[in-house]
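Heads up, input12.cif below (mmCIF, C-alpha atoms and all ligand atoms):
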data_data
loop_
_atom_site.group_PDB
_atom_site.id
_atom_site.type_symbol
_atom_site.label_atom_id
_atom_site.label_comp_id
_atom_site.auth_asym_id
_atom_site.auth_seq_id
_atom_site.Cartn_x
_atom_site.Cartn_y
_atom_site.Cartn_z
ATOM 1 C CA MET A 5 -1.377 6.773 24.807
ATOM 2 C CA GLU A 6 -0.446 3.126 24.614
ATOM 3 C CA CYS A 7 1.136 1.859 21.392
ATOM 4 C CA ARG A 8 -1.274 -0.590 19.759
ATOM 5 C CA ILE A 9 1.649 -2.521 18.252
ATOM 6 C CA CYS A 10 4.152 -3.037 21.119
ATOM 7 C CA HIS A 11 2.016 -1.771 24.048
ATOM 8 C CA ASN A 12 4.587 0.738 25.249
ATOM 9 C CA ALA A 13 2.972 3.735 27.012
ATOM 10 C CA ASP A 14 6.096 5.655 28.086
ATOM 11 C CA ASN A 15 7.404 8.831 26.448
ATOM 12 C CA ASN A 16 5.235 8.642 23.330
ATOM 13 C CA SER A 17 5.093 11.965 21.437
ATOM 14 C CA GLU A 18 2.028 13.544 19.816
ATOM 15 C CA ALA A 19 1.237 15.540 16.671
ATOM 16 C CA ILE A 20 -1.802 16.886 14.846
ATOM 17 C CA PHE A 21 -2.187 15.867 11.193
ATOM 18 C CA THR A 22 -4.763 17.307 8.803
ATOM 19 C CA GLU A 23 -6.920 15.865 6.029
ATOM 20 C CA TYR A 24 -5.725 17.442 2.761
ATOM 21 C CA GLU A 25 -6.442 15.034 -0.061
ATOM 22 C CA ILE A 26 -10.170 15.515 -0.389
ATOM 23 C CA GLY A 27 -9.970 18.996 1.136
ATOM 24 C CA LEU A 28 -11.893 18.643 4.417
ATOM 25 C CA HIS A 29 -9.076 20.231 6.491
ATOM 26 C CA GLU A 30 -10.112 18.387 9.649
ATOM 27 C CA ASP A 31 -7.441 17.765 12.307
ATOM 28 C CA PHE A 32 -6.591 14.397 13.848
ATOM 29 C CA ARG A 33 -4.423 13.511 16.817
ATOM 30 C CA TYR A 34 -1.600 11.049 16.156
ATOM 31 C CA PHE A 35 1.185 9.775 18.370
ATOM 32 C CA ARG A 36 4.547 8.093 17.884
ATOM 33 C CA CYS A 37 5.699 5.184 20.010
ATOM 34 C CA SER A 38 9.074 5.834 21.656
ATOM 35 C CA ARG A 39 9.904 2.113 21.548
ATOM 36 C CA CYS A 40 8.881 0.681 18.130
ATOM 37 C CA GLY A 41 8.588 4.069 16.354
ATOM 38 C CA CYS A 42 5.140 3.384 14.915
ATOM 39 C CA VAL A 43 3.127 6.541 14.132
ATOM 40 C CA GLN A 44 -0.587 5.929 14.726
ATOM 41 C CA ILE A 45 -3.873 7.779 14.991
ATOM 42 C CA ALA A 46 -4.990 8.278 18.598
ATOM 43 C CA GLU A 47 -8.620 7.337 18.005
ATOM 44 C CA GLN A 48 -10.525 5.908 15.089
ATOM 45 C CA PRO A 49 -12.929 8.563 13.685
ATOM 46 C CA GLU A 50 -16.567 7.510 14.034
ATOM 47 C CA ASP A 51 -17.618 7.609 10.403
ATOM 48 C CA MET A 52 -14.782 6.682 8.055
ATOM 49 C CA ASN A 53 -17.088 6.609 5.013
ATOM 50 C CA ARG A 54 -16.882 10.382 5.067
ATOM 51 C CA TYR A 55 -13.159 10.175 4.221
ATOM 52 C CA TYR A 56 -13.663 7.712 1.362
ATOM 53 C CA ASP A 57 -16.151 9.828 -0.595
ATOM 54 C CA PRO A 58 -16.647 7.804 -3.817
ATOM 55 C CA ASP A 59 -16.731 11.024 -5.874
ATOM 56 C CA LYS A 60 -13.418 12.318 -4.552
ATOM 57 C CA TYR A 61 -11.249 9.442 -3.362
ATOM 58 C CA TYR A 62 -8.813 8.290 -6.062
ATOM 59 C CA SER A 63 -9.009 4.581 -5.295
ATOM 60 C CA PHE A 64 -12.576 4.299 -6.625
ATOM 61 C CA HIS A 65 -11.760 5.840 -10.004
ATOM 62 C CA CYS A 66 -8.748 3.797 -11.081
ATOM 63 C CA LEU A 67 -10.773 1.222 -13.023
ATOM 64 C CA GLU A 68 -12.670 3.912 -14.914
ATOM 65 C CA ARG A 69 -9.352 5.481 -15.926
ATOM 66 C CA TYR A 70 -7.900 2.078 -16.804
ATOM 67 C CA LYS A 71 -10.858 1.221 -19.045
ATOM 68 C CA ASN A 72 -10.713 4.625 -20.760
ATOM 69 C CA ARG A 73 -7.030 4.480 -21.701
ATOM 70 C CA SER A 74 -6.104 5.663 -25.154
ATOM 71 C CA PHE A 75 -5.052 3.180 -27.838
ATOM 72 C CA MET A 76 -1.399 4.134 -27.273
ATOM 73 C CA GLU A 77 -1.632 3.741 -23.499
ATOM 74 C CA ARG A 78 -3.183 0.282 -23.941
ATOM 75 C CA TRP A 79 -0.407 -0.730 -26.307
ATOM 76 C CA ILE A 80 2.303 0.436 -23.885
ATOM 77 C CA ASP A 81 0.616 -1.201 -20.866
ATOM 78 C CA LYS A 82 0.117 -4.491 -22.681
ATOM 79 C CA HIS A 83 3.804 -4.872 -23.485
ATOM 80 C CA TYR A 84 5.009 -3.257 -20.284
ATOM 81 C CA PHE A 85 3.029 -5.334 -17.795
ATOM 82 C CA ARG A 86 3.387 -8.613 -19.694
ATOM 83 C CA TYR A 87 7.120 -8.127 -19.471
ATOM 84 C CA GLY A 88 6.833 -7.210 -15.766
ATOM 85 C CA PHE A 89 4.907 -10.386 -14.910
ATOM 86 C CA TRP A 90 6.316 -12.880 -17.425
ATOM 87 C CA LYS A 91 9.646 -11.338 -18.586
ATOM 88 C CA LYS A 92 8.573 -11.889 -22.182
ATOM 89 C CA GLY A 93 8.679 -9.601 -25.230
ATOM 90 C CA LYS A 94 11.365 -7.303 -26.618
ATOM 91 C CA ILE A 95 9.129 -4.215 -26.742
ATOM 92 C CA GLY A 96 8.165 -4.784 -23.089
ATOM 93 C CA ALA A 97 11.830 -5.182 -22.134
ATOM 94 C CA ILE A 98 12.714 -1.832 -23.706
ATOM 95 C CA LEU A 99 9.717 -0.100 -22.089
ATOM 96 C CA PHE A 100 10.560 -1.704 -18.785
ATOM 97 C CA LEU A 101 14.092 -0.343 -18.859
ATOM 98 C CA LYS A 102 12.697 3.136 -19.347
ATOM 99 C CA GLU A 103 9.853 2.898 -16.879
ATOM 100 C CA VAL A 104 11.248 0.459 -14.360
ATOM 101 C CA LYS A 105 10.175 2.581 -11.405
ATOM 102 C CA ARG A 106 6.496 2.335 -12.259
ATOM 103 C CA VAL A 107 5.941 -1.265 -11.219
ATOM 104 C CA TYR A 108 9.365 -2.223 -9.936
ATOM 105 C CA TRP A 109 7.812 -4.639 -7.438
ATOM 106 C CA ILE A 110 5.976 -6.775 -10.016
ATOM 107 C CA ALA A 111 9.221 -7.822 -11.682
ATOM 108 C CA LYS A 112 10.735 -8.730 -8.304
ATOM 109 C CA LEU A 113 8.281 -11.629 -7.815
ATOM 110 C CA ARG A 114 7.810 -14.932 -9.620
ATOM 111 C CA TRP A 115 4.189 -15.194 -10.779
ATOM 112 C CA ASN A 116 1.994 -18.112 -11.827
ATOM 113 C CA ALA A 117 -1.079 -17.421 -13.978
ATOM 114 C CA GLU A 118 -2.927 -20.359 -12.377
ATOM 115 C CA ALA A 119 -2.401 -19.100 -8.800
ATOM 116 C CA SER A 120 -5.385 -17.974 -6.761
ATOM 117 C CA ILE A 121 -4.904 -14.301 -5.932
ATOM 118 C CA LEU A 122 -6.592 -12.223 -3.238
ATOM 119 C CA ASP A 123 -6.211 -8.426 -3.321
ATOM 120 C CA VAL A 124 -7.193 -7.052 0.092
ATOM 121 C CA GLY A 125 -8.385 -3.433 0.018
ATOM 122 C CA CYS A 126 -8.608 -3.547 -3.766
ATOM 123 C CA GLY A 127 -10.720 -0.391 -4.234
ATOM 124 C CA ASP A 128 -12.582 -0.703 -7.528
ATOM 125 C CA GLY A 129 -10.401 -3.675 -8.572
ATOM 126 C CA MET A 130 -8.346 -1.940 -11.245
ATOM 127 C CA PHE A 131 -5.250 -4.006 -10.490
ATOM 128 C CA LEU A 132 -7.222 -7.274 -10.718
ATOM 129 C CA HIS A 133 -8.445 -6.225 -14.181
ATOM 130 C CA LEU A 134 -4.875 -5.469 -15.172
ATOM 131 C CA MET A 135 -3.810 -8.928 -13.926
ATOM 132 C CA ARG A 136 -6.614 -10.581 -15.909
ATOM 133 C CA ASP A 137 -5.428 -8.742 -19.015
ATOM 134 C CA CYS A 138 -1.991 -10.260 -18.334
ATOM 135 C CA GLY A 139 -3.353 -13.815 -18.196
ATOM 136 C CA PHE A 140 -4.256 -14.464 -14.533
ATOM 137 C CA LYS A 141 -7.288 -16.697 -14.120
ATOM 138 C CA ASP A 142 -8.370 -16.793 -10.473
ATOM 139 C CA LEU A 143 -8.763 -13.308 -9.068
ATOM 140 C CA THR A 144 -10.586 -12.163 -5.935
ATOM 141 C CA GLY A 145 -10.708 -8.736 -4.316
ATOM 142 C CA ALA A 146 -12.067 -7.597 -0.975
ATOM 143 C CA ASP A 147 -12.852 -4.055 0.101
ATOM 144 C CA PRO A 148 -15.401 -3.070 2.749
ATOM 145 C CA PHE A 149 -15.706 0.464 1.317
ATOM 146 C CA ILE A 150 -16.922 -0.417 -2.202
ATOM 147 C CA GLU A 151 -20.559 0.300 -3.064
ATOM 148 C CA ASN A 152 -21.466 -3.036 -4.665
ATOM 149 C CA GLU A 153 -19.932 -6.477 -5.060
ATOM 150 C CA ILE A 154 -18.694 -7.357 -8.550
ATOM 151 C CA HIS A 155 -18.838 -10.772 -10.218
ATOM 152 C CA ASP A 156 -17.282 -10.441 -13.643
ATOM 153 C CA GLY A 157 -16.057 -13.736 -15.142
ATOM 154 C CA ASN A 158 -12.921 -14.769 -13.287
ATOM 155 C CA ILE A 159 -12.883 -11.609 -11.153
ATOM 156 C CA THR A 160 -14.895 -11.493 -7.933
ATOM 157 C CA ILE A 161 -14.831 -8.387 -5.745
ATOM 158 C CA LEU A 162 -16.413 -8.766 -2.340
ATOM 159 C CA LYS A 163 -17.644 -6.002 -0.051
ATOM 160 C CA LYS A 164 -15.927 -7.725 2.841
ATOM 161 C CA ASP A 165 -13.308 -7.484 5.508
ATOM 162 C CA ILE A 166 -10.477 -10.057 5.296
ATOM 163 C CA ASN A 167 -11.841 -11.921 8.299
ATOM 164 C CA GLU A 168 -15.150 -12.550 6.507
ATOM 165 C CA ILE A 169 -13.446 -14.431 3.661
ATOM 166 C CA ASP A 170 -13.857 -18.164 3.762
ATOM 167 C CA ARG A 171 -11.219 -19.412 1.331
ATOM 168 C CA LYS A 172 -7.435 -19.839 1.153
ATOM 169 C CA PHE A 173 -5.216 -18.313 -1.545
ATOM 170 C CA ASP A 174 -1.775 -18.846 -3.084
ATOM 171 C CA VAL A 175 -1.054 -15.112 -3.070
ATOM 172 C CA VAL A 176 -2.548 -12.544 -0.699
ATOM 173 C CA MET A 177 -1.737 -8.949 -1.683
ATOM 174 C CA LEU A 178 -2.214 -5.735 0.242
ATOM 175 C CA ASN A 179 -1.339 -2.911 -2.115
ATOM 176 C CA HIS A 180 -1.209 0.199 0.048
ATOM 177 C CA SER A 181 -4.217 -0.908 2.090
ATOM 178 C CA MET A 182 -2.749 -2.215 5.360
ATOM 179 C CA GLU A 183 -2.186 1.276 6.764
ATOM 180 C CA HIS A 184 -5.936 1.959 6.334
ATOM 181 C CA VAL A 185 -6.979 -0.755 8.799
ATOM 182 C CA PHE A 186 -7.407 0.194 12.465
ATOM 183 C CA ASP A 187 -7.135 -3.243 14.051
ATOM 184 C CA GLN A 188 -3.695 -4.305 12.812
ATOM 185 C CA SER A 189 -3.502 -7.389 14.977
ATOM 186 C CA THR A 190 -6.776 -8.829 13.629
ATOM 187 C CA LEU A 191 -5.689 -7.929 10.093
ATOM 188 C CA VAL A 192 -2.408 -9.862 10.224
ATOM 189 C CA LYS A 193 -4.187 -12.836 11.804
ATOM 190 C CA GLY A 194 -6.670 -12.611 8.916
ATOM 191 C CA ILE A 195 -3.793 -12.692 6.404
ATOM 192 C CA TYR A 196 -2.498 -15.864 8.066
ATOM 193 C CA LYS A 197 -5.979 -17.400 7.947
ATOM 194 C CA VAL A 198 -6.597 -16.829 4.199
ATOM 195 C CA LEU A 199 -3.064 -17.853 3.170
ATOM 196 C CA LYS A 200 -2.373 -21.406 1.980
ATOM 197 C CA ASP A 201 0.407 -23.156 3.900
ATOM 198 C CA ASP A 202 2.792 -22.722 0.956
ATOM 199 C CA GLY A 203 1.369 -19.369 -0.121
ATOM 200 C CA ILE A 204 2.960 -15.918 0.016
ATOM 201 C CA ALA A 205 1.636 -12.597 1.239
ATOM 202 C CA VAL A 206 2.799 -9.455 -0.553
ATOM 203 C CA ILE A 207 2.389 -6.340 1.576
ATOM 204 C CA ARG A 208 3.174 -2.942 0.039
ATOM 205 C CA LEU A 209 2.920 0.178 2.132
ATOM 206 C CA PRO A 210 4.627 3.441 3.115
ATOM 207 C CA LEU A 211 6.682 3.437 6.324
ATOM 208 C CA PHE A 212 7.405 6.525 8.423
ATOM 209 C CA SER A 213 10.342 8.474 6.998
ATOM 210 C CA ASP A 214 12.247 10.848 9.288
ATOM 211 C CA PHE A 215 13.842 12.417 6.213
ATOM 212 C CA LEU A 216 10.473 13.228 4.617
ATOM 213 C CA TYR A 217 9.032 14.455 7.907
ATOM 214 C CA GLN A 218 11.969 16.836 8.410
ATOM 215 C CA LYS A 219 11.580 18.078 4.842
ATOM 216 C CA PHE A 220 7.791 18.423 4.573
ATOM 217 C CA GLY A 221 6.485 18.170 8.165
ATOM 218 C CA LYS A 222 2.765 17.504 8.387
ATOM 219 C CA TYR A 223 2.455 17.892 4.602
ATOM 220 C CA VAL A 224 4.072 14.506 3.924
ATOM 221 C CA GLN A 225 1.659 12.880 1.494
ATOM 222 C CA SER A 226 1.883 9.435 3.072
ATOM 223 C CA LEU A 227 0.593 10.724 6.439
ATOM 224 C CA ALA A 228 -2.798 10.898 4.675
ATOM 225 C CA ALA A 229 -4.810 11.663 7.832
ATOM 226 C CA PRO A 230 -7.179 10.155 8.794
ATOM 227 C CA ARG A 231 -7.188 7.366 6.161
ATOM 228 C CA HIS A 232 -3.705 6.172 7.121
ATOM 229 C CA PHE A 233 -4.165 5.007 10.691
ATOM 230 C CA TYR A 234 -0.540 3.809 10.835
ATOM 231 C CA LEU A 235 2.874 4.613 9.473
ATOM 232 C CA HIS A 236 5.022 1.738 10.664
ATOM 233 C CA THR A 237 8.757 1.463 11.078
ATOM 234 C CA LEU A 238 10.759 -1.654 10.189
ATOM 235 C CA ASP A 239 10.772 -2.481 13.904
ATOM 236 C CA SER A 240 7.013 -2.127 14.472
ATOM 237 C CA ILE A 241 5.958 -3.982 11.342
ATOM 238 C CA THR A 242 8.326 -6.878 12.016
ATOM 239 C CA ARG A 243 6.871 -7.238 15.531
ATOM 240 C CA LEU A 244 3.368 -7.188 14.061
ATOM 241 C CA PHE A 245 4.041 -9.873 11.428
ATOM 242 C CA ALA A 246 5.763 -12.076 14.009
ATOM 243 C CA SER A 247 2.723 -11.782 16.307
ATOM 244 C CA ALA A 248 0.682 -13.585 13.615
ATOM 245 C CA ASN A 249 3.334 -16.253 12.873
ATOM 246 C CA LEU A 250 4.249 -14.620 9.578
ATOM 247 C CA GLN A 251 7.904 -14.416 8.659
ATOM 248 C CA THR A 252 9.461 -11.918 6.283
ATOM 249 C CA VAL A 253 11.316 -13.630 3.449
ATOM 250 C CA GLU A 254 12.099 -10.511 1.436
ATOM 251 C CA ILE A 255 12.030 -6.731 1.885
ATOM 252 C CA ILE A 256 12.184 -4.469 -1.152
ATOM 253 C CA GLN A 257 12.251 -0.685 -1.095
ATOM 254 C CA GLU A 258 10.265 0.802 -3.937
ATOM 255 C CA PRO A 259 11.143 4.149 -5.488
ATOM 256 C CA TYR A 260 8.233 6.538 -4.954
ATOM 257 C CA LEU A 261 8.999 9.808 -6.700
ATOM 258 C CA SER A 262 5.335 10.735 -7.172
ATOM 259 C CA GLY A 263 4.718 10.582 -3.401
ATOM 260 C CA PHE A 264 7.675 12.899 -2.833
ATOM 261 C CA MET A 265 6.424 15.378 -5.419
ATOM 262 C CA ALA A 266 2.867 15.141 -4.034
ATOM 263 C CA SER A 267 4.180 16.200 -0.609
ATOM 264 C CA GLU A 268 5.698 19.337 -2.167
ATOM 265 C CA LYS A 269 2.393 20.042 -3.928
ATOM 266 C CA ILE A 270 0.474 19.822 -0.632
ATOM 267 C CA ARG A 271 3.080 21.994 1.140
ATOM 268 C CA ALA A 272 2.893 24.707 -1.533
ATOM 269 C CA LYS A 273 -0.916 24.717 -1.632
ATOM 270 C CA GLU A 274 -1.436 24.747 2.130
ATOM 271 C CA THR A 275 1.222 27.394 2.846
ATOM 272 C CA ASN A 276 0.289 29.544 -0.148
ATOM 273 C CA THR A 277 3.836 29.547 -1.449
ATOM 274 C CA PRO A 278 5.108 28.676 -4.926
ATOM 275 C CA GLN A 279 5.625 25.011 -5.675
ATOM 276 C CA ILE A 280 9.295 24.169 -6.213
ATOM 277 C CA HIS A 281 9.801 22.831 -9.715
ATOM 278 C CA TRP A 282 10.248 19.085 -9.765
ATOM 279 C CA GLN A 283 13.602 19.363 -11.506
ATOM 280 C CA LYS A 284 14.926 21.439 -8.605
ATOM 281 C CA LEU A 285 13.568 18.900 -6.150
ATOM 282 C CA LEU A 286 15.098 15.884 -7.864
ATOM 283 C CA PRO A 287 18.520 16.245 -6.142
ATOM 284 C CA VAL A 288 16.748 16.225 -2.742
ATOM 285 C CA TYR A 289 14.841 13.109 -3.753
ATOM 286 C CA ASP A 290 18.059 11.489 -4.964
ATOM 287 C CA GLU A 291 19.739 12.393 -1.658
ATOM 288 C CA MET A 292 16.900 10.651 0.197
ATOM 289 C CA CYS A 293 17.185 7.604 -2.039
ATOM 290 C CA ASP A 294 20.968 7.437 -1.578
ATOM 291 C CA LYS A 295 20.814 7.737 2.189
ATOM 292 C CA TYR A 296 17.520 6.159 3.168
ATOM 293 C CA LYS A 297 16.151 4.610 -0.004
ATOM 294 C CA SER A 298 12.430 5.107 -0.353
ATOM 295 C CA ASP A 299 9.692 5.303 2.270
ATOM 296 C CA CYS A 300 7.676 2.720 0.301
ATOM 297 C CA TYR A 301 8.309 -0.915 1.029
ATOM 298 C CA MET A 302 7.252 -4.328 -0.151
ATOM 299 C CA PHE A 303 7.341 -7.228 2.297
ATOM 300 C CA VAL A 304 7.070 -10.805 1.097
ATOM 301 C CA LEU A 305 5.821 -13.068 3.888
ATOM 302 C CA GLN A 306 5.331 -16.773 4.447
ATOM 303 C CA LYS A 307 3.747 -18.705 7.259
ATOM 304 C CA LYS A 308 6.257 -19.703 9.907
ATOM 305 C CA THR A 309 6.626 -23.450 9.750
ATOM 306 C CA ALA A 310 5.486 -24.991 12.969
ATOM 307 C CA ILE A 311 8.384 -26.075 15.169
ATOM 308 C CA ARG A 312 7.967 -29.749 16.010
ATOM 309 C CA PRO A 313 9.341 -31.008 19.310
ATOM 310 C CA LEU A 314 12.106 -33.644 19.072
HETATM 311 ZN ZN ZN T 401 5.281 0.633 19.929
#
Represent the structure contained in this file as structure tokens.
Amino acid sequence: MECRICHNADNNSEAIFTEYEIGLHEDFRYFRCSRCGCVQIAEQPEDMNRYYDPDKYYSFHCLERYKNRSFMERWIDKHYFRYGFWKKGKIGAILFLKEVKRVYWIAKLRWNAEASILDVGCGDGMFLHLMRDCGFKDLTGADPFIENEIHDGNITILKKDINEIDRKFDVVMLNHSMEHVFDQSTLVKGIYKVLKDDGIAVIRLPLFSDFLYQKFGKYVQSLAAPRHFYLHTLDSITRLFASANLQTVEIIQEPYLSGFMASEKIRAKETNTPQIHWQKLLPVYDEMCDKYKSDCYMFVLQKKTAIRPL
């Protein structure tokens, strides 16, 4: 098996990972590169639509849930997210202190409501709706797995791959979608192509965590076979970005307690053993955070400025 990121073919190890989330229990062969550490699926399954069943896959039901929030949830979200994006409002500030882990990454970036935003792999576009509710005006999403395109005021959601998009954006986001794309090299070139020269790309994704793998084995939630074709390492993802002339300007590790707890839930269900109470698991999670931080990362990228000869 040759690594599709660094092309090393020597001493790569293999493992079988299983589909758990929608309950198909099909097995898939993965391998790990001995050089860059990237974990990747051996072959792309023929029909991926089967693993994105609109009735079962969470990413197509977020908008429905968002629109059906209770009055109280709407009130909290309004203050909470407005503070996250714009750092305004006392109520938001208090909520943010309490719930900082929920959208830690939003507050780490400087946003502009006028900026053109592209959300690649946006699912049903829930996050774009949330951004519109917070004042953003130029919002586009792209996802090849949606059923129909959506044109709703200043939100456009295209049933397209990034390389079919014919426009440049100030901000290109991939919120936990990069690991779902088989051809990583074409994807990062596509990011470069749709990014304005002074734009930023915001890539959020899980990386492979040795700690989690030792703790939960094949039940680690972020393995998500076969939808996650890749779990990168810092080494492999840096090589990949560099191959498309994208440079990392910031790396932020995001706390991801729910992913940790979801792994325990899968482990308990699949091994028919009792689920360890989350309060008992918290010290283990804290230990991971102290030693290794989280397995979820945000990378902020810019185009490499062309080097001009003297
Ligand atoms: Zn490699």
#### Entry: atom CA of Ala117 of chain A to atom CA of Lys94 of chain A, straight-line distance in Å
20.4 Å
Surrounding residues as a compact mmCIF listing (two decimals) with C-alpha atoms, in the coordinates of the input, ligand ZN 401 (chain T), max 12 Å, all atoms listed in the file:
# COMPACT_ATOMS: atom_id res chain seq x y z
CA MET A 5 -1.38 6.77 24.81
CA GLU A 6 -0.45 3.13 24.61
CA CYS A 7 1.14 1.86 21.39
CA ARG A 8 -1.27 -0.59 19.76
CA ILE A 9 1.65 -2.52 18.25
CA CYS A 10 4.15 -3.04 21.12
CA HIS A 11 2.02 -1.77 24.05
CA ASN A 12 4.59 0.74 25.25
CA ALA A 13 2.97 3.74 27.01
CA ASP A 14 6.10 5.66 28.09
CA ASN A 15 7.40 8.83 26.45
CA ASN A 16 5.24 8.64 23.33
CA SER A 17 5.09 11.96 21.44
CA PHE A 35 1.18 9.78 18.37
CA ARG A 36 4.55 8.09 17.88
CA CYS A 37 5.70 5.18 20.01
CA SER A 38 9.07 5.83 21.66
CA ARG A 39 9.90 2.11 21.55
CA CYS A 40 8.88 0.68 18.13
CA GLY A 41 8.59 4.07 16.35
CA CYS A 42 5.14 3.38 14.92
CA VAL A 43 3.13 6.54 14.13
CA GLN A 44 -0.59 5.93 14.73
CA TYR A 234 -0.54 3.81 10.84
CA LEU A 235 2.87 4.61 9.47
CA HIS A 236 5.02 1.74 10.66
CA THR A 237 8.76 1.46 11.08
CA LEU A 238 10.76 -1.65 10.19
CA ASP A 239 10.77 -2.48 13.90
CA SER A 240 7.01 -2.13 14.47
CA ILE A 241 5.96 -3.98 11.34
CA THR A 242 8.33 -6.88 12.02
CA ARG A 243 6.87 -7.24 15.53
CA LEU A 244 3.37 -7.19 14.06
### Task
Find the distance between atom CA of Ser267 of chain A and atom CA of Leu113 of chain A and write it in Å to one decimal.
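Between atom CA of Ser267 of chain A and atom CA of Leu113 of chain A the gap works out to 29.0 Å.
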### Query
Hey, what comes out of the PyMOL selection byres (((chain A and resi 269) around 12) and not hetatm) on this file? Could you write it as a list in words?
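Applied to this file, the PyMOL selection byres (((chain A and resi 269) around 12) and not hetatm) returns Tyr24, Glu25, Phe220, Tyr223, Val224, Gln225, Ser262, Gly263, Phe264, Met265, Ala266, Ser267, Glu268, Ile270, Arg271, Ala272, Lys273, Glu274, Thr275, Asn276, Thr277, Pro278, Gln279, Ile280, His281, Trp282 and Leu285 of chain A.
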### Message
I need the residue nearest Leu227 of chain A from this list: A:Asp123, A:Glu168, A:Asp299, A:Asp202. Use only C-alpha atoms for the distance.
### Response
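Under the stated criterion, the closest residue is A:Asp299.
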### Task
Return the single residue from A:Gly203, A:Gly88, A:Gly129, A:Gly221 that is closest to Ala146 of chain A, with distances computed using all atoms listed in the file.
A:Gly129
### Summary
Pairwise distance, atom CA of Lys91 of chain A with atom CA of Leu250 of chain A, equals 28.9 Å
### Task
Just say which residues the PyMOL selection byres (((chain A and resi 231) around 9) and not hetatm) picks in this file, as a ChimeraX atom specification.
/A:23,52,55-56,183-185,227-230,232-234
Counting all atoms listed in the file, write as a PDB file with C-alpha atoms, in the coordinates of the input all protein and nucleic acid residues lying at most 9 Å from (-9.4, 1.6, -14.7) in the file's frame.
ATOM      1  CA  HIS A  65     -11.760   5.840 -10.004  1.00  0.00           C
ATOM      2  CA  CYS A  66      -8.748   3.797 -11.081  1.00  0.00           C
ATOM      3  CA  LEU A  67     -10.773   1.222 -13.023  1.00  0.00           C
ATOM      4  CA  GLU A  68     -12.670   3.912 -14.914  1.00  0.00           C
ATOM      5  CA  ARG A  69      -9.352   5.481 -15.926  1.00  0.00           C
ATOM      6  CA  TYR A  70      -7.900   2.078 -16.804  1.00  0.00           C
ATOM      7  CA  LYS A  71     -10.858   1.221 -19.045  1.00  0.00           C
ATOM      8  CA  ASN A  72     -10.713   4.625 -20.760  1.00  0.00           C
ATOM      9  CA  ARG A  73      -7.030   4.480 -21.701  1.00  0.00           C
ATOM     10  CA  ASP A 128     -12.582  -0.703  -7.528  1.00  0.00           C
ATOM     11  CA  GLY A 129     -10.401  -3.675  -8.572  1.00  0.00           C
ATOM     12  CA  MET A 130      -8.346  -1.940 -11.245  1.00  0.00           C
ATOM     13  CA  PHE A 131      -5.250  -4.006 -10.490  1.00  0.00           C
ATOM     14  CA  HIS A 133      -8.445  -6.225 -14.181  1.00  0.00           C
ATOM     15  CA  LEU A 134      -4.875  -5.469 -15.172  1.00  0.00           C
TER      16      LEU A 134
END
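Residues lying within 12 Å of Asp174 of chain A, counting only C-alpha atoms and ignoring same-chain neighbours fewer than 5 positions away, are Trp115, Asn116, Ala117, Glu118, Ala119, Ser120, Ile121, Leu122, Asp123, Asp142, Leu143, Thr144, Ile195, Tyr196, Lys197, Val198, Leu199, Lys200, Asp201, Asp202, Gly203, Ile204, Ala205, Val206, Leu305, Gln306 and Lys307 of chain A.
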### Task
Can you turn the PyMOL selection byres (((chain A and resi 182) around 9) and not hetatm) into a concrete residue list for this file, as a PyMOL selection string?
chain A and resi 124-125+178-181+183-186+188+191+207-209+232+234
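Among A:Ile26, A:Ile20, A:Leu99, A:Val253, the residue with the shortest atom-to-atom distance to Asp81 of chain A, counting only C-alpha atoms, is A:Leu99.
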### Query
Which is closest to Ile45 of chain A among A:Asp214, A:Asp294, A:Asp57, A:Glu18, if we use only C-alpha atoms?
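The answer is A:Glu18, which sits nearest to Ile45 of chain A.
With all atoms listed in the file as the atoms that count, the residue of A:Phe100, A:Phe64, A:Phe89, A:Phe215 with the shortest distance to Lys112 of chain A is A:Phe89.
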### Task
Would you list the contacts of Ile80 of chain A as an MDAnalysis selection string, taking every protein, DNA or RNA residue within 12 Å and counting all atoms listed in the file, but skipping same-chain residues closer than 5 positions in sequence?
chainID A and resid 73:75 85:87 93 95:100 102:103
### Task
Would you mind telling me which residue in A:Val107, A:Leu132, A:Cys138, A:Val192 lies nearest to Asp156 of chain A when using only C-alpha atoms?
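Smallest distance to Asp156 of chain A is found for A:Leu132.
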